[in-house]
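Listing of query_24.txt, compact mmCIF, C-alpha atoms and all ligand atoms
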# COMPACT_ATOMS: atom_id res chain seq x y z
CA MET Q 1 107.29 86.17 108.25
CA SER Q 2 107.49 89.81 107.33
CA GLU Q 3 105.19 91.85 109.48
CA VAL Q 4 106.44 95.37 110.04
CA ARG Q 5 105.92 97.13 113.33
CA PHE Q 6 106.56 100.71 114.39
CA LYS Q 7 106.51 101.13 118.18
CA SER Q 8 106.50 104.71 119.50
CA VAL Q 9 108.87 105.70 116.71
CA LYS Q 10 110.33 109.17 116.74
CA LYS Q 11 112.65 111.04 114.43
CA VAL Q 12 114.33 114.31 115.33
CA TYR Q 13 116.61 116.06 112.84
CA ASP Q 14 119.24 118.58 113.95
CA ASP Q 15 118.20 118.29 117.62
CA ASP Q 16 114.95 120.21 117.19
CA ILE Q 17 113.08 119.28 113.98
CA VAL Q 18 110.57 116.61 115.01
CA ALA Q 19 109.80 114.89 111.70
CA VAL Q 20 107.92 111.91 113.19
CA ASP Q 21 106.48 111.67 116.69
CA ASN Q 22 105.20 108.67 118.65
CA PHE Q 23 104.30 106.72 115.52
CA ASN Q 24 102.65 103.32 116.10
CA LEU Q 25 101.61 100.95 113.34
CA ASP Q 26 101.37 97.17 112.79
CA ILE Q 27 101.56 96.04 109.17
CA GLU Q 28 100.54 92.45 108.51
CA ASP Q 29 102.52 89.98 106.45
CA GLY Q 30 101.56 90.46 102.79
CA GLU Q 31 99.68 93.68 103.38
CA PHE Q 32 99.85 96.69 101.02
CA VAL Q 33 99.91 99.79 103.20
CA THR Q 34 100.14 103.31 101.84
CA ILE Q 35 101.42 106.23 103.88
CA VAL Q 36 99.89 109.43 102.61
CA GLY Q 37 100.09 113.05 103.72
CA PRO Q 38 101.07 116.49 102.50
CA SER Q 39 104.64 117.48 101.76
CA GLY Q 40 106.76 117.58 104.92
CA SER Q 41 104.42 115.34 106.95
CA GLY Q 42 107.15 112.75 107.59
CA LYS Q 43 106.28 110.05 105.04
CA SER Q 44 109.74 109.67 103.51
CA THR Q 45 111.35 109.84 106.92
CA LEU Q 46 109.23 106.88 108.08
CA LEU Q 47 110.10 104.87 104.99
CA ARG Q 48 113.78 105.75 105.23
CA MET Q 49 113.88 104.68 108.89
CA LEU Q 50 112.32 101.35 107.85
CA ALA Q 51 114.83 101.01 105.03
CA GLY Q 52 117.78 101.75 107.30
CA LEU Q 53 118.71 104.94 105.45
CA GLU Q 54 117.94 107.14 108.45
CA ASP Q 55 118.72 106.63 112.16
CA ILE Q 56 115.76 106.13 114.48
CA SER Q 57 115.75 108.72 117.29
CA GLY Q 58 113.33 106.84 119.57
CA GLY Q 59 111.12 103.76 119.72
CA GLU Q 60 111.55 100.56 117.77
CA VAL Q 61 111.06 99.29 114.23
CA THR Q 62 110.69 95.54 113.71
CA ILE Q 63 110.63 93.47 110.52
CA GLY Q 64 109.42 89.93 111.08
CA ASP Q 65 110.16 89.39 114.75
CA LYS Q 66 113.43 91.25 114.70
CA ALA Q 67 114.12 94.78 115.90
CA VAL Q 68 116.08 96.44 113.11
CA ASN Q 69 117.04 99.79 114.67
CA ASP Q 70 120.70 98.79 114.63
CA VAL Q 71 120.65 96.54 111.56
CA PRO Q 72 122.42 98.05 108.52
CA ALA Q 73 120.25 98.72 105.44
CA GLN Q 74 121.75 95.91 103.36
CA ASP Q 75 120.92 93.34 106.06
CA ARG Q 76 117.25 94.28 106.47
CA ASP Q 77 115.91 92.22 103.56
CA VAL Q 78 113.98 95.15 102.10
CA ALA Q 79 114.01 96.47 98.53
CA MET Q 80 113.25 100.08 97.80
CA VAL Q 81 111.89 101.74 94.64
CA PHE Q 82 112.66 105.44 94.49
CA GLN Q 83 110.86 108.28 92.75
CA ASN Q 84 113.87 108.99 90.52
CA TYR Q 85 114.42 105.24 89.90
CA ALA Q 86 118.15 105.52 90.84
CA LEU Q 87 119.33 103.35 87.92
CA TYR Q 88 123.02 103.12 87.06
CA PRO Q 89 123.31 104.90 83.67
CA HIS Q 90 126.37 102.99 82.48
CA MET Q 91 124.86 99.55 83.14
CA THR Q 92 122.41 97.65 80.96
CA VAL Q 93 118.95 96.91 82.27
CA ARG Q 94 120.04 93.34 82.98
CA LYS Q 95 123.01 94.53 85.03
CA ASN Q 96 120.93 97.13 86.83
CA MET Q 97 118.46 94.44 87.83
CA SER Q 98 121.06 91.89 88.92
CA TYR Q 99 123.61 94.17 90.58
CA GLY Q 100 122.08 94.30 94.05
CA LEU Q 101 121.46 90.58 94.11
CA ARG Q 102 125.04 89.88 93.13
CA LEU Q 103 126.25 92.04 96.03
CA THR Q 104 123.97 90.69 98.71
CA SER Q 105 123.52 87.00 97.86
CA ASP Q 106 125.63 84.04 96.91
CA LEU Q 107 123.22 82.87 94.21
CA SER Q 108 124.72 81.28 91.07
CA GLU Q 109 124.91 83.26 87.82
CA GLU Q 110 122.30 80.93 86.42
CA GLU Q 111 119.86 81.55 89.27
CA ILE Q 112 120.42 85.33 89.09
CA ASN Q 113 119.74 85.34 85.34
CA LYS Q 114 116.61 83.28 85.85
CA ARG Q 115 115.30 85.71 88.44
CA VAL Q 116 116.10 88.74 86.27
CA GLU Q 117 114.32 87.21 83.31
CA GLU Q 118 111.26 86.29 85.36
CA ALA Q 119 111.05 89.78 86.86
CA ALA Q 120 111.59 91.37 83.43
CA GLU Q 121 108.74 89.30 82.05
CA MET Q 122 106.50 90.29 84.95
CA MET Q 123 107.24 93.93 84.22
CA GLY Q 124 106.95 93.54 80.42
CA ILE Q 125 110.55 94.66 79.77
CA GLU Q 126 112.05 91.36 78.58
CA ASP Q 127 112.97 93.03 75.25
CA GLN Q 128 114.85 95.84 76.97
CA LEU Q 129 117.38 93.81 78.97
CA ASP Q 130 120.41 94.74 76.86
CA LYS Q 131 119.63 98.45 76.65
CA LYS Q 132 120.97 101.25 78.83
CA PRO Q 133 118.49 103.28 80.94
CA ALA Q 134 118.96 106.48 78.87
CA SER Q 135 117.41 104.82 75.84
CA LEU Q 136 114.26 103.86 77.77
CA SER Q 137 111.10 105.92 78.33
CA GLY Q 138 110.21 107.10 81.85
CA GLY Q 139 107.63 104.32 82.11
CA GLN Q 140 110.17 101.67 81.09
CA GLN Q 141 112.73 103.01 83.57
CA GLN Q 142 110.07 102.77 86.27
CA ARG Q 143 109.53 99.13 85.30
CA VAL Q 144 113.26 98.43 85.54
CA ALA Q 145 113.39 99.98 89.01
CA THR Q 146 110.42 97.86 90.13
CA GLY Q 147 111.87 94.77 88.43
CA ARG Q 148 115.12 95.30 90.31
CA ALA Q 149 113.19 95.25 93.59
CA ILE Q 150 111.28 92.10 92.58
CA VAL Q 151 114.52 90.27 91.71
CA ARG Q 152 115.68 90.66 95.27
CA ASP Q 153 112.64 88.72 96.54
CA PRO Q 154 112.72 90.80 99.73
CA ALA Q 155 110.67 90.48 102.90
CA VAL Q 156 109.31 94.00 102.31
CA PHE Q 157 108.95 96.31 99.32
CA LEU Q 158 109.39 99.99 100.09
CA MET Q 159 108.15 102.42 97.48
CA ASP Q 160 108.73 106.17 97.73
CA GLU Q 161 106.43 108.01 95.29
CA PRO Q 162 107.43 105.56 92.55
CA LEU Q 163 104.88 106.79 90.01
CA SER Q 164 105.06 110.53 90.42
CA ASN Q 165 107.38 111.11 87.43
CA LEU Q 166 104.96 109.44 85.01
CA ASP Q 167 102.20 111.14 83.04
CA ALA Q 168 98.64 110.71 84.30
CA LYS Q 169 97.65 107.90 81.93
CA LEU Q 170 100.76 105.84 82.53
CA ARG Q 171 100.47 106.44 86.26
CA ALA Q 172 96.94 105.06 86.27
CA HIS Q 173 98.13 102.03 84.31
CA MET Q 174 101.13 101.40 86.58
CA ARG Q 175 98.94 101.61 89.68
CA ILE Q 176 97.03 98.62 88.42
CA GLU Q 177 100.23 96.76 87.46
CA LEU Q 178 101.82 97.32 90.85
CA GLN Q 179 98.70 96.03 92.57
CA ARG Q 180 98.66 92.95 90.32
CA ILE Q 181 102.31 92.23 91.08
CA GLN Q 182 101.82 92.73 94.79
CA ASP Q 183 98.81 90.41 94.68
CA ASP Q 184 100.87 87.75 92.88
CA LEU Q 185 103.95 88.02 95.07
CA GLU Q 186 102.12 88.70 98.36
CA THR Q 187 105.13 90.66 99.57
CA THR Q 188 104.49 93.12 102.39
CA THR Q 189 104.55 96.56 100.77
CA VAL Q 190 104.88 100.01 102.29
CA TYR Q 191 104.12 102.67 99.71
CA VAL Q 192 104.52 106.42 100.19
CA THR Q 193 102.63 109.03 98.22
CA HIS Q 194 101.26 112.56 98.59
CA ASP Q 195 98.42 111.59 96.25
CA GLN Q 196 95.30 110.59 98.17
CA GLU Q 197 93.71 109.08 95.08
CA GLU Q 198 96.68 106.77 94.62
CA ALA Q 199 96.43 105.78 98.28
CA LEU Q 200 92.71 105.04 98.06
CA THR Q 201 92.91 103.02 94.86
CA MET Q 202 95.95 100.85 95.60
CA SER Q 203 96.06 99.94 99.26
CA ASP Q 204 94.69 97.42 101.71
CA ARG Q 205 95.05 100.12 104.34
CA VAL Q 206 95.85 103.81 104.26
CA VAL Q 207 97.90 105.62 106.91
CA ILE Q 208 97.34 109.37 107.02
CA LEU Q 209 100.06 111.60 108.46
CA ASP Q 210 100.15 115.30 109.23
CA GLN Q 211 103.15 117.11 110.72
CA GLY Q 212 104.77 113.86 111.78
CA GLU Q 213 101.67 112.60 113.60
CA LEU Q 214 99.41 109.72 112.71
CA GLN Q 215 95.90 110.99 111.96
CA GLN Q 216 94.09 107.79 111.01
CA VAL Q 217 94.71 104.23 109.83
CA GLY Q 218 92.01 102.36 107.96
CA THR Q 219 90.84 100.73 104.77
CA PRO Q 220 90.24 103.16 101.90
CA ALA Q 221 86.48 102.93 102.60
CA GLU Q 222 86.95 103.65 106.32
CA VAL Q 223 89.07 106.75 105.87
CA PHE Q 224 86.73 108.03 103.15
CA ASP Q 225 83.41 107.29 104.88
CA LYS Q 226 84.50 107.76 108.48
CA PRO Q 227 87.25 110.36 108.59
CA ALA Q 228 88.50 110.59 112.16
CA ASN Q 229 89.02 114.32 112.11
CA LEU Q 230 88.88 117.51 110.05
CA PHE Q 231 92.35 116.98 108.63
CA VAL Q 232 91.51 113.55 107.20
CA ALA Q 233 88.10 114.70 105.99
CA ASP Q 234 89.70 117.56 104.08
CA PHE Q 235 92.68 115.58 102.77
CA ILE Q 236 90.84 112.50 101.51
CA GLY Q 237 88.43 112.82 98.57
CA SER Q 238 88.36 115.00 95.49
CA PRO Q 239 86.71 117.44 95.07
CA ALA Q 240 87.20 118.04 98.78
CA MET Q 241 84.47 117.77 101.40
CA ASN Q 242 82.44 120.94 102.03
CA PHE Q 243 82.70 122.39 105.53
CA PHE Q 244 80.19 124.75 107.16
CA ASP Q 245 80.61 126.44 110.54
CA VAL Q 246 77.50 125.67 112.59
CA GLU Q 247 76.11 125.68 116.13
CA LEU Q 248 73.59 123.30 117.62
CA VAL Q 249 70.40 125.15 118.60
CA GLY Q 250 67.75 122.71 119.86
CA ASP Q 251 67.84 120.01 117.20
CA ARG Q 252 69.03 122.34 114.46
CA LEU Q 253 72.51 122.94 113.13
CA GLU Q 254 72.46 126.65 112.47
CA GLY Q 255 74.96 128.26 110.13
CA GLU Q 256 75.27 131.18 107.74
CA ALA Q 257 74.22 129.10 104.74
CA PHE Q 258 71.33 127.16 106.22
CA SER Q 259 69.62 125.71 109.25
CA TYR Q 260 69.50 121.91 109.18
CA GLU Q 261 67.24 119.89 111.46
CA VAL Q 262 68.91 116.68 112.63
CA SER Q 263 67.30 113.70 114.35
CA SER Q 264 67.18 113.81 118.13
CA LYS Q 265 69.64 110.91 118.20
CA VAL Q 266 72.24 112.96 116.33
CA ALA Q 267 71.49 116.08 118.36
CA ASP Q 268 71.94 114.12 121.62
CA ARG Q 269 75.21 112.68 120.45
CA VAL Q 270 76.52 116.10 119.49
CA ARG Q 271 75.45 117.57 122.83
CA ASP Q 272 77.20 114.70 124.66
CA ARG Q 273 80.46 114.92 122.81
CA LYS Q 274 81.06 118.52 121.80
CA THR Q 275 83.66 120.43 123.77
CA SER Q 276 82.35 123.87 122.75
CA ASP Q 277 79.59 125.44 120.63
CA GLU Q 278 81.86 125.62 117.61
CA LEU Q 279 80.94 122.79 115.26
CA VAL Q 280 81.69 122.06 111.63
CA LEU Q 281 79.25 120.25 109.38
CA GLY Q 282 80.99 118.32 106.60
CA ILE Q 283 79.33 116.95 103.48
CA ARG Q 284 81.01 115.54 100.37
CA PRO Q 285 80.08 117.18 97.05
CA GLU Q 286 78.67 113.88 95.75
CA HIS Q 287 76.33 113.62 98.74
CA ILE Q 288 74.40 116.80 97.95
CA GLN Q 289 71.20 116.32 95.91
CA PHE Q 290 68.47 118.41 94.32
CA ALA Q 291 65.33 118.89 96.42
CA ASP Q 292 61.89 120.56 96.33
CA SER Q 293 61.91 123.99 97.86
CA ASN Q 294 59.25 122.94 100.40
CA SER Q 295 61.08 119.76 101.48
CA VAL Q 296 62.61 119.38 104.94
CA ASN Q 297 66.09 120.89 105.15
CA ALA Q 298 65.91 122.46 101.70
CA ILE Q 299 68.86 124.77 101.01
CA GLU Q 300 68.40 127.63 98.54
CA ALA Q 301 71.56 128.30 96.56
CA THR Q 302 72.73 130.10 93.44
CA LEU Q 303 74.76 128.38 90.75
CA ASP Q 304 77.94 130.44 90.40
CA VAL Q 305 79.85 128.15 88.05
CA HIS Q 306 79.01 124.88 86.31
CA GLU Q 307 82.03 122.77 85.40
CA PRO Q 308 81.19 119.70 83.30
CA VAL Q 309 83.79 116.92 83.58
CA GLY Q 310 82.72 114.23 81.10
CA ASP Q 311 79.57 112.68 82.56
CA ASP Q 312 80.25 114.36 85.85
CA ASN Q 313 79.29 117.91 86.82
CA TYR Q 314 80.77 120.15 89.47
CA PHE Q 315 78.36 122.87 90.56
CA TYR Q 316 79.97 125.71 92.47
CA LEU Q 317 77.08 127.00 94.57
CA ARG Q 318 76.54 129.88 96.95
CA ALA Q 319 74.01 130.10 99.78
CA ASN Q 320 73.92 133.39 101.65
CA ASP Q 321 77.51 134.11 100.55
CA VAL Q 322 78.79 130.72 101.71
CA GLU Q 323 80.35 128.79 98.83
CA PHE Q 324 80.17 125.03 98.41
CA THR Q 325 80.51 122.37 95.74
CA MET Q 326 78.02 119.80 94.51
CA ARG Q 327 78.95 116.91 92.27
CA ILE Q 328 76.31 115.21 90.18
CA MET Q 329 76.35 112.72 87.32
CA GLY Q 330 74.42 113.02 84.06
CA ASP Q 331 73.20 115.86 81.85
CA HIS Q 332 72.14 118.93 83.76
CA ILE Q 333 71.23 122.07 81.88
CA TYR Q 334 71.35 125.06 84.17
CA ASP Q 335 72.58 128.54 83.56
CA GLU Q 336 75.07 130.18 85.81
CA GLY Q 337 73.11 132.50 88.07
CA ASP Q 338 70.14 130.07 88.35
CA ASP Q 339 68.62 129.49 91.78
CA LEU Q 340 68.65 125.81 92.81
CA THR Q 341 67.29 123.96 95.82
CA VAL Q 342 69.48 121.23 97.28
CA THR Q 343 69.72 119.08 100.38
CA PHE Q 344 71.56 116.09 101.81
CA ASN Q 345 70.95 113.09 104.04
CA GLU Q 346 71.86 113.05 107.68
CA GLU Q 347 73.60 109.67 107.20
CA LYS Q 348 76.08 111.22 104.81
CA MET Q 349 76.81 114.18 107.03
CA HIS Q 350 79.82 114.53 109.34
CA ILE Q 351 79.93 116.75 112.40
CA PHE Q 352 83.29 117.84 113.74
CA ASP Q 353 84.25 119.61 116.94
CA ARG Q 354 86.12 122.72 115.77
CA LYS Q 355 88.34 122.84 118.86
CA THR Q 356 89.54 119.22 118.86
CA GLY Q 357 89.01 118.55 115.15
CA GLU Q 358 87.46 115.16 116.04
CA ASN Q 359 84.58 113.68 114.07
CA ILE Q 360 81.78 113.49 116.64
CA MET Q 361 79.70 111.11 114.51
CA ILE Q 362 82.16 108.24 114.37
CA GLU Q 363 80.86 105.22 116.27
CA ASP Q 364 83.81 102.96 115.69
CA THR Q 365 86.83 104.65 117.16
CA THR Q 366 89.17 101.80 116.24
CA ALA Q 367 89.57 103.66 112.95
CA ASN Q 368 91.36 106.30 114.95
CA PRO Q 369 94.11 104.92 117.18
CA LYS Q 370 94.68 108.36 118.69
CA SER Q 371 91.23 108.25 120.30
CA ASP Q 372 91.67 104.89 121.99
CA SER Q 373 92.39 106.29 125.39
CA THR Q 374 90.28 109.44 125.37
CA PRO Q 375 87.18 109.52 127.57
CA ALA Q 376 85.07 110.66 124.58
CA ALA Q 377 86.03 107.55 122.63
CA GLN Q 378 85.17 105.25 125.54
CA GLN Q 379 81.63 106.59 125.71
CA SER Q 380 80.76 105.41 122.21
P1 LIG Q 401 107.45 114.05 103.40
O1 LIG Q 401 108.11 112.81 102.87
O2 LIG Q 401 106.11 113.79 103.99
O3 LIG Q 401 107.43 115.17 102.41
P2 LIG Q 401 109.80 114.25 105.07
O4 LIG Q 401 109.85 112.97 105.79
O5 LIG Q 401 110.72 114.41 103.88
O6 LIG Q 401 108.31 114.59 104.64
O7 LIG Q 401 110.12 115.44 106.06
C1 LIG Q 401 109.49 115.57 107.33
C2 LIG Q 401 110.10 116.78 108.05
O8 LIG Q 401 111.46 116.54 108.35
C3 LIG Q 401 110.07 118.07 107.26
O9 LIG Q 401 109.84 119.12 108.15
C4 LIG Q 401 111.46 118.15 106.68
O10 LIG Q 401 111.81 119.48 106.44
C5 LIG Q 401 112.28 117.52 107.77
N1 LIG Q 401 113.48 116.85 107.23
C6 LIG Q 401 113.52 115.83 106.37
N2 LIG Q 401 114.78 115.43 106.11
C7 LIG Q 401 115.59 116.25 106.85
C8 LIG Q 401 117.00 116.34 107.03
N3 LIG Q 401 117.84 115.51 106.41
N4 LIG Q 401 117.46 117.29 107.84
C9 LIG Q 401 116.60 118.12 108.50
N5 LIG Q 401 115.27 118.08 108.38
C10 LIG Q 401 114.76 117.15 107.56
Can I see the file as structure tokens?
Amino acid sequence: MSEVRFKSVKKVYDDDIVAVDNFNLDIEDGEFVTIVGPSGSGKSTLLRMLAGLEDISGGEVTIGDKAVNDVPAQDRDVAMVFQNYALYPHMTVRKNMSYGLRLTSDLSEEEINKRVEEAAEMMGIEDQLDKKPASLSGGQQQRVATGRAIVRDPAVFLMDEPLSNLDAKLRAHMRIELQRIQDDLETTTVYVTHDQEEALTMSDRVVILDQGELQQVGTPAEVFDKPANLFVADFIGSPAMNFFDVELVGDRLEGEAFSYEVSSKVADRVRDRKTSDELVLGIRPEHIQFADSNSVNAIEATLDVHEPVGDDNYFYLRANDVEFTMRIMGDHIYDEGDDLTVTFNEEKMHIFDRKTGENIMIEDTTANPKSDSTPAAQQS
């Protein structure tokens, strides 16, 4: 069994730099979990504590049923793939792939060779086994590094930004390959990236970190459709969600750009849960549509810039000096400077409390472990 569990894990560097604080997470056997967050949010620190490359300042990390805080890295049965691949330049691919196994197991030469050849075939590098890393492309080196982890047949794969040195096309291709391999091997995988798109496309579940604190854990669909707070809403999705400062007046959300009438159900919920009058309305660019100027909740806006992206269009709009982005598929012939009327559905809208950052509209607070014990969460 290779579940991974973080219980109240903390990491403090140099006595006062809190890199990770009170981090709790259960990863199921065979699950592919991605830890995502901006630079400095503590992602690598978490992975390195799991790998045994960094001491744990507080709490407990378990792999399978065993606490590993005091278990040396080589005895944790994990295999790590690094961003820079960390291949030995003087060794052939075959040696690079077999070296770790030779050190940590008592497998026969024959068995080691068999495993190397199977992993090389899986990674499509069976023709490269006698070459040195310097003669391989970046993509091939990445495959060797992954192949080396596969050969170990570990309880857990740990991957630290393994695709970030590849060009965009190869990266997209390798994302699919890594998922295929993980599906085949069913090895528990903890993957770290700063790239939210990578996190959304590859993982069973996404873990979002900011400043060493867990912001939300959920499936890609949950964190995209039900962001727990402003940080997650802003971080996940590209182009980013639009945010408008608003106040609730009667059943209307009043802001600089528009006044939007919500249903009484939504208005009641907002009144119940808001901690102050400062609210933020969030709407994703793809959830804004064209409307008739006399329709309910019509928003009059000017097209500042039209950016066509293949079949997709980004419209940079302005309503009463408030800028926002609309994303719409198909051919749309408008001139910059044109006046457009747009709107959006209440179901696609998010309302955040500016003071707490929490998404007031979320019904299911299990998506946000931080909310479990707050009175606001218990009301829903
Ligand atoms: P990420 O992987 O999300 O970019 P890190 O885990 O590398 O973030 O870093 C989290 C925080 O810990 C940052 O503030 C970083 O500066 C700090 N940090 C990381 N490693 C060390 C270290 N060896 N010594 C001191 N501070 C560190």
Calculate, to one decimal in Å, the centre and edge lengths of the box along x, y and z of the file that holds all listed atoms of ligand LIG 401 (chain Q) with 3 Å of margin on each side, and present them as AutoDock Vina command-line options.
--center_x 112.0 --center_y 116.1 --center_z 105.5 --size_x 17.7 --size_y 12.7 --size_z 12.1
request  = Go through Q:His332, Q:Lys10, Q:Arg271, Q:Lys226 and flag the residue nearest Pro308 in chain Q, using all atoms listed in the file for the distances.
outcome  =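 Of Q:His332, Q:Lys10, Q:Arg271, Q:Lys226, the one nearest Pro308 in chain Q is Q:His332, counting all atoms listed in the file.
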Residues contacting ligand LIG 401 (chain Q) - anything with an atom at most 6 Å away, using only C-alpha atoms and all ligand atoms - can you give me those as a VMD selection string? chain Q and resid 13 19 38 to 45
A straight line from CA of Thr275 in chain Q to CA of Tyr260 in chain Q spans 20.4 Å
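Counting only C-alpha atoms and comparing Q:Tyr85, Q:Val33, Q:Ile328, Q:Asp292, the residue that lies closest to Thr193 in chain Q is Q:Val33.
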Using only C-alpha atoms, which protein or nucleic acid residues come within 10 Å of Ser295 in chain Q? Drop anything in the same chain fewer than 4 positions from it, and give the result as an mmCIF file with C-alpha atoms, in the coordinates of the input.
data_model
loop_
_atom_site.group_PDB
_atom_site.id
_atom_site.type_symbol
_atom_site.label_atom_id
_atom_site.label_comp_id
_atom_site.auth_asym_id
_atom_site.auth_seq_id
_atom_site.Cartn_x
_atom_site.Cartn_y
_atom_site.Cartn_z
ATOM 1 C CA ALA Q 291 65.330 118.890 96.420
ATOM 2 C CA ILE Q 299 68.860 124.770 101.010
ATOM 3 C CA THR Q 341 67.290 123.960 95.820
ATOM 4 C CA VAL Q 342 69.480 121.230 97.280
ATOM 5 C CA THR Q 343 69.720 119.080 100.380
#
Discussion item. Need the shell around Phe224 in chain Q: protein/DNA/RNA residues with any atom at most 9 Å away, counting all atoms listed in the file. Skip same-chain ones fewer than 4 positions apart. Format as a list in words?
Written reply: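 That gives Leu200, Thr219, Pro220, Val232, Ala233, Ile236 and Gly237 of chain Q.
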Residues as selected, C-alpha atoms, written as a compact mmCIF listing (two decimals), in the coordinates of the input, can you do that?
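Once everything was written out, this is out34.txt:
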# COMPACT_ATOMS: atom_id res chain seq x y z
CA LEU Q 200 92.71 105.04 98.06
CA THR Q 219 90.84 100.73 104.77
CA PRO Q 220 90.24 103.16 101.90
CA VAL Q 232 91.51 113.55 107.20
CA ALA Q 233 88.10 114.70 105.99
CA ILE Q 236 90.84 112.50 101.51
CA GLY Q 237 88.43 112.82 98.57
How far is it from CA of Val68 in chain Q to CA of Glu31 in chain Q, in Å with one decimal?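 It comes out at 19.3 Å.
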Set the distance at 8 Å and use all atoms listed in the file: which residues neighbour Leu279 in chain Q once local chain neighbours fewer than 5 positions away are removed? I'd like the list as an mmCIF file with C-alpha atoms, in the frame of the given file.
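Result saved to around.cif:
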data_model
loop_
_atom_site.group_PDB
_atom_site.id
_atom_site.type_symbol
_atom_site.label_atom_id
_atom_site.label_comp_id
_atom_site.auth_asym_id
_atom_site.auth_seq_id
_atom_site.Cartn_x
_atom_site.Cartn_y
_atom_site.Cartn_z
ATOM 1 C CA ASP Q 245 80.610 126.440 110.540
ATOM 2 C CA VAL Q 246 77.500 125.670 112.590
ATOM 3 C CA GLU Q 247 76.110 125.680 116.130
ATOM 4 C CA LEU Q 248 73.590 123.300 117.620
ATOM 5 C CA LYS Q 274 81.060 118.520 121.800
ATOM 6 C CA ILE Q 351 79.930 116.750 112.400
ATOM 7 C CA PHE Q 352 83.290 117.840 113.740
ATOM 8 C CA ASP Q 353 84.250 119.610 116.940
ATOM 9 C CA ARG Q 354 86.120 122.720 115.770
#
Can you list, as number ranges by chain, every protein, DNA or RNA residue that comes within 9 Å of range 154-170 of chain Q when you count only C-alpha atoms, leaving out same-chain residues fewer than 2 positions away?
Q: 1-4, 29-30, 43-44, 47-48, 50-51, 63-64, 76-85, 138-139, 142, 145-146, 149-152, 172-175, 187-195
Who sits within 8 Å of Leu25 in chain Q, all atoms listed in the file, same chain under 5 positions skipped, as a list of chain:residue names: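 Final neighbour list, sorted by chain and number: Q:Arg5, Q:Phe6, Q:Lys7.
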Item to complete: In Å, rounded to a single decimal, give me how far CA of Leu178 in chain Q is from CA of Val116 in chain Q.
Response: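 Computed distance, CA of Val116 in chain Q to CA of Leu178 in chain Q, equals 17.3 Å.
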